[in-house]
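One structure is given here, and the rest of the page talks about it.
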Amino acid sequence: MFAGTYTAMVTPFDRNEAVDYEAFGRLIDAQFAAGVDGIVPVGTTGESPTLTMAEHVRVIEFSVERTAGRGKVIAGTGANATAEAVELTRHAQAAGADGSLQVTPYYNKPSQAGLIKHFEMLADIGLPLVLYNIPGRTSRELTVDTVVTLAHHPHITTIKEAGGDVDRVSRYVDQCDIEIVSGDDSLTLPMMAVGAVGVISVVANVVPDRVQAMVQAALQGQWEAARQAHQALYPLFRDLFVETNPVPVKAALALLGRVEEVYRLPLHPLSEAQRAQVTNALQRVGLL
């Protein structure tokens, strides 16, 4: 369903903090020119918490329109209120998105029984659903047992695993039939070695062709080529996470002249020391 490289897109803003659709369109075009399989707008990397509902919906619509069939669009439509997630997911379905990325509800810390009901209600809408386990941001883990239960739903096709635990991939493969993609750039290759089929990547905002080359090498069983690609990209895998995502990757794109370096509060620009790390990483991979 969603094997390969999917880029967790940044949302560029202009100097007035409005969504910069001209820059966003250029970023989308560059992704598909580089051969990625799809894009994921308005997820964590897209600063979704600071977008209004109207902006959120329009960014998804624009992403589908600009993609124009060149690849798939997995729309970030998660929320910690089930009713809000349902509304966003229905909008994404109407816009023509190929799937929905659904983060584990955050802050209100639901039980596993509540999570099952939440995701099943969203899956009943009919849009292919990608579960998103990222306990470091949500404070609530999607347990393996819960994933096993949810995997029986015909529209729950995939899980984005961002818990930092490669062993969970093996447990999913062992216990249920669900497609697994990495949510941690640095763990993409280890996860693929034990059964994942791709990545939803932050680093692909910067080097989509090189992330895709690594992923395709792994999918084709060319493990030494994949390992070499991983090692060459490691400075980015490490240093584009020196501060909360998406601050470093947006700073990197600004250093490369692709976006304005504008965030919405409470996100804040990098320190000078952190900026030096990002600059050095870009230099080490030959981009600066």
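Each chain of the structure tokens is named A, B, ... in the order shown, its residues numbered from 1; ligands are numbered from 1 in display order.
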
Skipping near chain neighbours, those fewer than 6 positions away, what residues fall within 12 Å of region 227-238 of chain A using only C-alpha atoms, listed as number ranges by chain?
A: 183-190, 192-193, 201-218, 221, 245, 248-249, 252, 274, 277-287

Writer output for current selection, C-alpha atoms, as an mmCIF file, in the first residue's frame:
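And here's selection05.cif as it stands now:
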```
data_model
loop_
_atom_site.group_PDB
_atom_site.id
_atom_site.type_symbol
_atom_site.label_atom_id
_atom_site.label_comp_id
_atom_site.auth_asym_id
_atom_site.auth_seq_id
_atom_site.Cartn_x
_atom_site.Cartn_y
_atom_site.Cartn_z
ATOM 1 C CA GLY A 183 9.166 6.914 11.400
ATOM 2 C CA ASP A 184 12.804 7.443 12.415
ATOM 3 C CA ASP A 185 15.224 8.239 9.582
ATOM 4 C CA SER A 186 18.202 6.755 11.374
ATOM 5 C CA LEU A 187 16.349 3.477 12.001
ATOM 6 C CA THR A 188 14.951 3.021 8.496
ATOM 7 C CA LEU A 189 17.610 0.557 7.395
ATOM 8 C CA PRO A 190 17.588 -1.526 10.614
ATOM 9 C CA MET A 192 13.759 -2.695 6.873
ATOM 10 C CA ALA A 193 16.252 -5.440 7.659
ATOM 11 C CA SER A 201 11.088 10.599 6.155
ATOM 12 C CA VAL A 202 12.014 14.032 7.470
ATOM 13 C CA VAL A 203 15.463 13.990 5.846
ATOM 14 C CA ALA A 204 13.893 13.402 2.428
ATOM 15 C CA ASN A 205 12.827 17.053 2.496
ATOM 16 C CA VAL A 206 16.511 17.806 1.888
ATOM 17 C CA VAL A 207 17.784 14.790 -0.107
ATOM 18 C CA PRO A 208 14.773 12.892 -1.466
ATOM 19 C CA ASP A 209 16.757 11.134 -4.192
ATOM 20 C CA ARG A 210 19.329 9.776 -1.759
ATOM 21 C CA VAL A 211 16.797 8.575 0.795
ATOM 22 C CA GLN A 212 14.862 6.891 -1.997
ATOM 23 C CA ALA A 213 18.046 5.228 -3.293
ATOM 24 C CA MET A 214 18.724 3.779 0.166
ATOM 25 C CA VAL A 215 15.169 2.508 0.562
ATOM 26 C CA GLN A 216 15.030 0.980 -2.897
ATOM 27 C CA ALA A 217 18.368 -0.759 -2.375
ATOM 28 C CA ALA A 218 16.988 -2.313 0.814
ATOM 29 C CA GLY A 221 17.963 -6.862 -1.058
ATOM 30 C CA ASN A 245 11.452 18.553 14.487
ATOM 31 C CA PRO A 248 16.382 21.795 12.099
ATOM 32 C CA VAL A 249 15.066 20.551 8.750
ATOM 33 C CA ALA A 252 18.483 23.321 6.529
ATOM 34 C CA GLN A 274 22.804 24.050 16.691
ATOM 35 C CA GLN A 277 25.778 21.526 13.524
ATOM 36 C CA VAL A 278 23.154 21.614 10.779
ATOM 37 C CA THR A 279 25.475 23.587 8.500
ATOM 38 C CA ASN A 280 28.282 21.105 9.102
ATOM 39 C CA ALA A 281 25.972 18.162 8.314
ATOM 40 C CA LEU A 282 24.947 19.766 5.028
ATOM 41 C CA GLN A 283 28.595 20.296 4.186
ATOM 42 C CA ARG A 284 29.494 16.695 5.026
ATOM 43 C CA VAL A 285 26.895 15.342 2.594
ATOM 44 C CA GLY A 286 27.996 17.743 -0.135
ATOM 45 C CA LEU A 287 25.066 20.149 -0.147
#
```

Considering only strand (DSSP E) as DSSP defines it on the backbone, what residues of region 27-196 of chain A qualify? List them as number ranges by chain.
A: 38-40, 72-76, 99-103, 129-133, 156-161, 179-182

Selected residues, N, CA and C atoms, written as a PDB file, in the first residue's frame, please.
```pdb
ATOM      1  N   GLY A  38       5.686   9.140  -2.502  1.00  0.00           N
ATOM      2  CA  GLY A  38       4.571   9.956  -2.058  1.00  0.00           C
ATOM      3  C   GLY A  38       5.003  10.987  -1.047  1.00  0.00           C
ATOM      4  N   ILE A  39       4.031  11.788  -0.624  1.00  0.00           N
ATOM      5  CA  ILE A  39       4.285  12.835   0.360  1.00  0.00           C
ATOM      6  C   ILE A  39       3.271  12.734   1.486  1.00  0.00           C
ATOM      7  N   VAL A  40       3.657  13.292   2.637  1.00  0.00           N
ATOM      8  CA  VAL A  40       2.784  13.309   3.806  1.00  0.00           C
ATOM      9  C   VAL A  40       2.699  14.750   4.302  1.00  0.00           C
ATOM     10  N   LYS A  72       1.556   9.208  -4.309  1.00  0.00           N
ATOM     11  CA  LYS A  72       0.452   9.158  -3.354  1.00  0.00           C
ATOM     12  C   LYS A  72       0.575  10.270  -2.316  1.00  0.00           C
ATOM     13  N   VAL A  73      -0.569  10.649  -1.765  1.00  0.00           N
ATOM     14  CA  VAL A  73      -0.630  11.646  -0.695  1.00  0.00           C
ATOM     15  C   VAL A  73      -1.279  11.000   0.526  1.00  0.00           C
ATOM     16  N   ILE A  74      -0.505  10.914   1.607  1.00  0.00           N
ATOM     17  CA  ILE A  74      -1.029  10.458   2.897  1.00  0.00           C
ATOM     18  C   ILE A  74      -1.229  11.710   3.748  1.00  0.00           C
ATOM     19  N   ALA A  75      -2.462  12.058   4.014  1.00  0.00           N
ATOM     20  CA  ALA A  75      -2.759  13.307   4.713  1.00  0.00           C
ATOM     21  C   ALA A  75      -2.695  13.115   6.222  1.00  0.00           C
ATOM     22  N   GLY A  76      -1.980  14.007   6.896  1.00  0.00           N
ATOM     23  CA  GLY A  76      -1.984  14.000   8.349  1.00  0.00           C
ATOM     24  C   GLY A  76      -3.301  14.545   8.856  1.00  0.00           C
ATOM     25  N   GLY A  99      -4.481   8.246   1.543  1.00  0.00           N
ATOM     26  CA  GLY A  99      -4.455   7.646   2.861  1.00  0.00           C
ATOM     27  C   GLY A  99      -4.464   8.714   3.929  1.00  0.00           C
ATOM     28  N   SER A 100      -4.595   8.271   5.164  1.00  0.00           N
ATOM     29  CA  SER A 100      -4.650   9.166   6.320  1.00  0.00           C
ATOM     30  C   SER A 100      -3.626   8.707   7.345  1.00  0.00           C
ATOM     31  N   LEU A 101      -2.786   9.630   7.804  1.00  0.00           N
ATOM     32  CA  LEU A 101      -1.838   9.351   8.889  1.00  0.00           C
ATOM     33  C   LEU A 101      -2.496   9.750  10.196  1.00  0.00           C
ATOM     34  N   GLN A 102      -2.639   8.777  11.103  1.00  0.00           N
ATOM     35  CA  GLN A 102      -3.370   9.003  12.344  1.00  0.00           C
ATOM     36  C   GLN A 102      -2.473   8.790  13.551  1.00  0.00           C
ATOM     37  N   VAL A 103      -2.057   9.909  14.135  1.00  0.00           N
ATOM     38  CA  VAL A 103      -1.211   9.860  15.319  1.00  0.00           C
ATOM     39  C   VAL A 103      -2.006   9.373  16.522  1.00  0.00           C
ATOM     40  N   LEU A 129      -5.760   3.757   6.323  1.00  0.00           N
ATOM     41  CA  LEU A 129      -5.293   4.440   7.528  1.00  0.00           C
ATOM     42  C   LEU A 129      -3.907   3.935   7.930  1.00  0.00           C
ATOM     43  N   VAL A 130      -3.024   4.888   8.204  1.00  0.00           N
ATOM     44  CA  VAL A 130      -1.684   4.605   8.702  1.00  0.00           C
ATOM     45  C   VAL A 130      -1.645   4.977  10.181  1.00  0.00           C
ATOM     46  N   LEU A 131      -1.556   3.985  11.043  1.00  0.00           N
ATOM     47  CA  LEU A 131      -1.372   4.253  12.468  1.00  0.00           C
ATOM     48  C   LEU A 131      -0.006   4.890  12.673  1.00  0.00           C
ATOM     49  N   TYR A 132       0.101   5.730  13.705  1.00  0.00           N
ATOM     50  CA  TYR A 132       1.358   6.445  13.939  1.00  0.00           C
ATOM     51  C   TYR A 132       1.697   6.352  15.418  1.00  0.00           C
ATOM     52  N   ASN A 133       2.655   5.476  15.728  1.00  0.00           N
ATOM     53  CA  ASN A 133       3.090   5.288  17.112  1.00  0.00           C
ATOM     54  C   ASN A 133       4.316   6.139  17.386  1.00  0.00           C
ATOM     55  N   ILE A 156      -7.283  -0.446   7.986  1.00  0.00           N
ATOM     56  CA  ILE A 156      -6.061  -0.130   8.726  1.00  0.00           C
ATOM     57  C   ILE A 156      -4.950  -0.952   8.098  1.00  0.00           C
ATOM     58  N   THR A 157      -4.175  -0.314   7.247  1.00  0.00           N
ATOM     59  CA  THR A 157      -3.250  -1.038   6.386  1.00  0.00           C
ATOM     60  C   THR A 157      -1.803  -1.012   6.854  1.00  0.00           C
ATOM     61  N   THR A 158      -1.432   0.036   7.614  1.00  0.00           N
ATOM     62  CA  THR A 158      -0.014   0.354   7.795  1.00  0.00           C
ATOM     63  C   THR A 158       0.196   0.946   9.180  1.00  0.00           C
ATOM     64  N   ILE A 159       1.411   0.800   9.700  1.00  0.00           N
ATOM     65  CA  ILE A 159       1.794   1.527  10.904  1.00  0.00           C
ATOM     66  C   ILE A 159       3.123   2.219  10.675  1.00  0.00           C
ATOM     67  N   LYS A 160       3.173   3.485  11.034  1.00  0.00           N
ATOM     68  CA  LYS A 160       4.425   4.246  11.064  1.00  0.00           C
ATOM     69  C   LYS A 160       4.985   4.095  12.475  1.00  0.00           C
ATOM     70  N   GLU A 161       6.102   3.420  12.593  1.00  0.00           N
ATOM     71  CA  GLU A 161       6.687   3.118  13.896  1.00  0.00           C
ATOM     72  C   GLU A 161       7.798   4.101  14.208  1.00  0.00           C
ATOM     73  N   GLU A 179       1.375  -3.595   7.262  1.00  0.00           N
ATOM     74  CA  GLU A 179       2.560  -3.018   6.623  1.00  0.00           C
ATOM     75  C   GLU A 179       3.240  -2.064   7.612  1.00  0.00           C
ATOM     76  N   ILE A 180       4.568  -2.105   7.659  1.00  0.00           N
ATOM     77  CA  ILE A 180       5.314  -1.296   8.625  1.00  0.00           C
ATOM     78  C   ILE A 180       6.245  -0.358   7.877  1.00  0.00           C
ATOM     79  N   VAL A 181       6.208   0.928   8.261  1.00  0.00           N
ATOM     80  CA  VAL A 181       7.174   1.892   7.739  1.00  0.00           C
ATOM     81  C   VAL A 181       7.858   2.574   8.915  1.00  0.00           C
ATOM     82  N   SER A 182       9.113   2.924   8.717  1.00  0.00           N
ATOM     83  CA  SER A 182       9.878   3.583   9.767  1.00  0.00           C
ATOM     84  C   SER A 182       9.437   5.039   9.902  1.00  0.00           C
TER      85      SER A 182
END
```

Tell me which protein, DNA and RNA residues are within 7 Å of region 82-91 of chain A, counting only C-alpha atoms, leaving out same-chain ones fewer than 2 positions away, and put them as a VMD selection string.
chain A and resid 57 77 to 80 93 to 95 100 118 122

Give me the residues of region 119-173 of chain A that have any atom at most 7 Å from an atom of region 194-199 of chain A; for each, the nearest atom pair and the distance in Å, rounded to one decimal. Use only C-alpha atoms, sort by chain and number, and format it as a Markdown table.
```
| residue | atom | partner | partner_atom | distance |
| --- | --- | --- | --- | --- |
| A:Val169 | CA | A:Gly195 | CA | 6.5 |
| A:Ser170 | CA | A:Val194 | CA | 6.1 |
| A:Val173 | CA | A:Gly195 | CA | 6.8 |
```

Could the residues in this selection be saved with N, CA and C atoms as a PDB file, in the first residue's frame?
```
ATOM      1  N   VAL A 169       9.172  -4.012  15.229  1.00  0.00           N
ATOM      2  CA  VAL A 169       8.908  -4.433  13.848  1.00  0.00           C
ATOM      3  C   VAL A 169       8.821  -5.949  13.778  1.00  0.00           C
ATOM      4  N   SER A 170       9.758  -6.615  14.409  1.00  0.00           N
ATOM      5  CA  SER A 170       9.730  -8.082  14.424  1.00  0.00           C
ATOM      6  C   SER A 170       8.476  -8.604  15.111  1.00  0.00           C
ATOM      7  N   VAL A 173       5.536  -8.264  12.685  1.00  0.00           N
ATOM      8  CA  VAL A 173       5.622  -9.285  11.637  1.00  0.00           C
ATOM      9  C   VAL A 173       5.211 -10.647  12.188  1.00  0.00           C
TER      10      VAL A 173
END
```

All residues 7 Å or closer to Ala151 (chain A), only C-alpha atoms, same chain fewer than 3 positions away omitted, as a PyMOL selection string
chain A and resi 147-148+156-157+176-178

Filtering to C-alpha atoms, could you give me those residues as a short mmCIF file (atom, residue, chain, number, x, y, z; two decimals), in the first residue's frame?
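Saved the output as out-v9.cif:
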```cif
data_model
loop_
_atom_site.label_atom_id
_atom_site.label_comp_id
_atom_site.auth_asym_id
_atom_site.auth_seq_id
_atom_site.Cartn_x
_atom_site.Cartn_y
_atom_site.Cartn_z
CA VAL A 147 -1.93 -2.95 16.84
CA VAL A 148 -2.67 -6.67 16.44
CA ILE A 156 -6.06 -0.13 8.73
CA THR A 157 -3.25 -1.04 6.39
CA CYS A 176 -0.20 -9.71 12.63
CA ASP A 177 -0.52 -8.76 8.99
CA ILE A 178 0.18 -5.03 8.79
#
```

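Interatomic distance, CA of Leu270 (chain A) to CA of Gly25 (chain A): 25.2 Å.
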
Go through A:Met9, A:Leu240, A:Ile28, A:Met191 and flag the residue nearest Gly164 (chain A), using only C-alpha atoms for the distances.
A:Met191

Contacts of Gly114 (chain A) within 12 Å, only C-alpha atoms, excl. fewer than 6 positions in-chain, as a VMD selection string:
chain A and resid 80 to 82 104 to 105 108 120 to 121 140 142 146

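Of the residues under consideration (A:Pro128, A:Pro110, A:Glu261, A:Ala97), A:Pro128 shows the shortest atom-to-atom contact distance to His155 (chain A) when counting only C-alpha atoms.
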
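Excluding Glu22 (chain A) and any residue on its chain fewer than 3 positions from it, the residues at most 10 Å away by only C-alpha atoms are A:Pro12, A:Phe13, A:Asp14, A:Val19, A:Gly25, A:Arg26, A:Leu27, A:Val259.
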
Limited to C-alpha atoms, could you put the picked residues into a file as a compact mmCIF listing (two decimals), in the first residue's frame?
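And here's result-v5.txt as it stands now:
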```
# COMPACT_ATOMS: atom_id res chain seq x y z
CA PRO A 12 6.70 26.75 4.40
CA PHE A 13 5.56 30.13 5.71
CA ASP A 14 6.25 33.56 4.29
CA VAL A 19 1.38 29.47 4.33
CA GLY A 25 4.50 23.79 -4.68
CA ARG A 26 8.19 23.94 -5.56
CA LEU A 27 9.00 21.56 -2.70
CA VAL A 259 12.19 28.24 2.04
```

Quick one: pick out all alpha helix (DSSP H) residues within region 23-241 of chain A from a backbone DSSP run and write them as a ChimeraX atom specification.
/A:23-33,53-67,82-95,112-123,135-138,144-150,167-175,188-193,208-219,223-239

Calculate how many Å separate CA of Ala8 (chain A) from CA of Leu265 (chain A), rounding to one decimal.
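So the two atoms, CA of Ala8 (chain A) and CA of Leu265 (chain A), lie 20.1 Å apart.
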
Mind pulling up the distance from CA of Thr5 (chain A) to CA of Gly71 (chain A)?
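We find that CA of Gly71 (chain A) and CA of Thr5 (chain A) lie 10.4 Å from each other.
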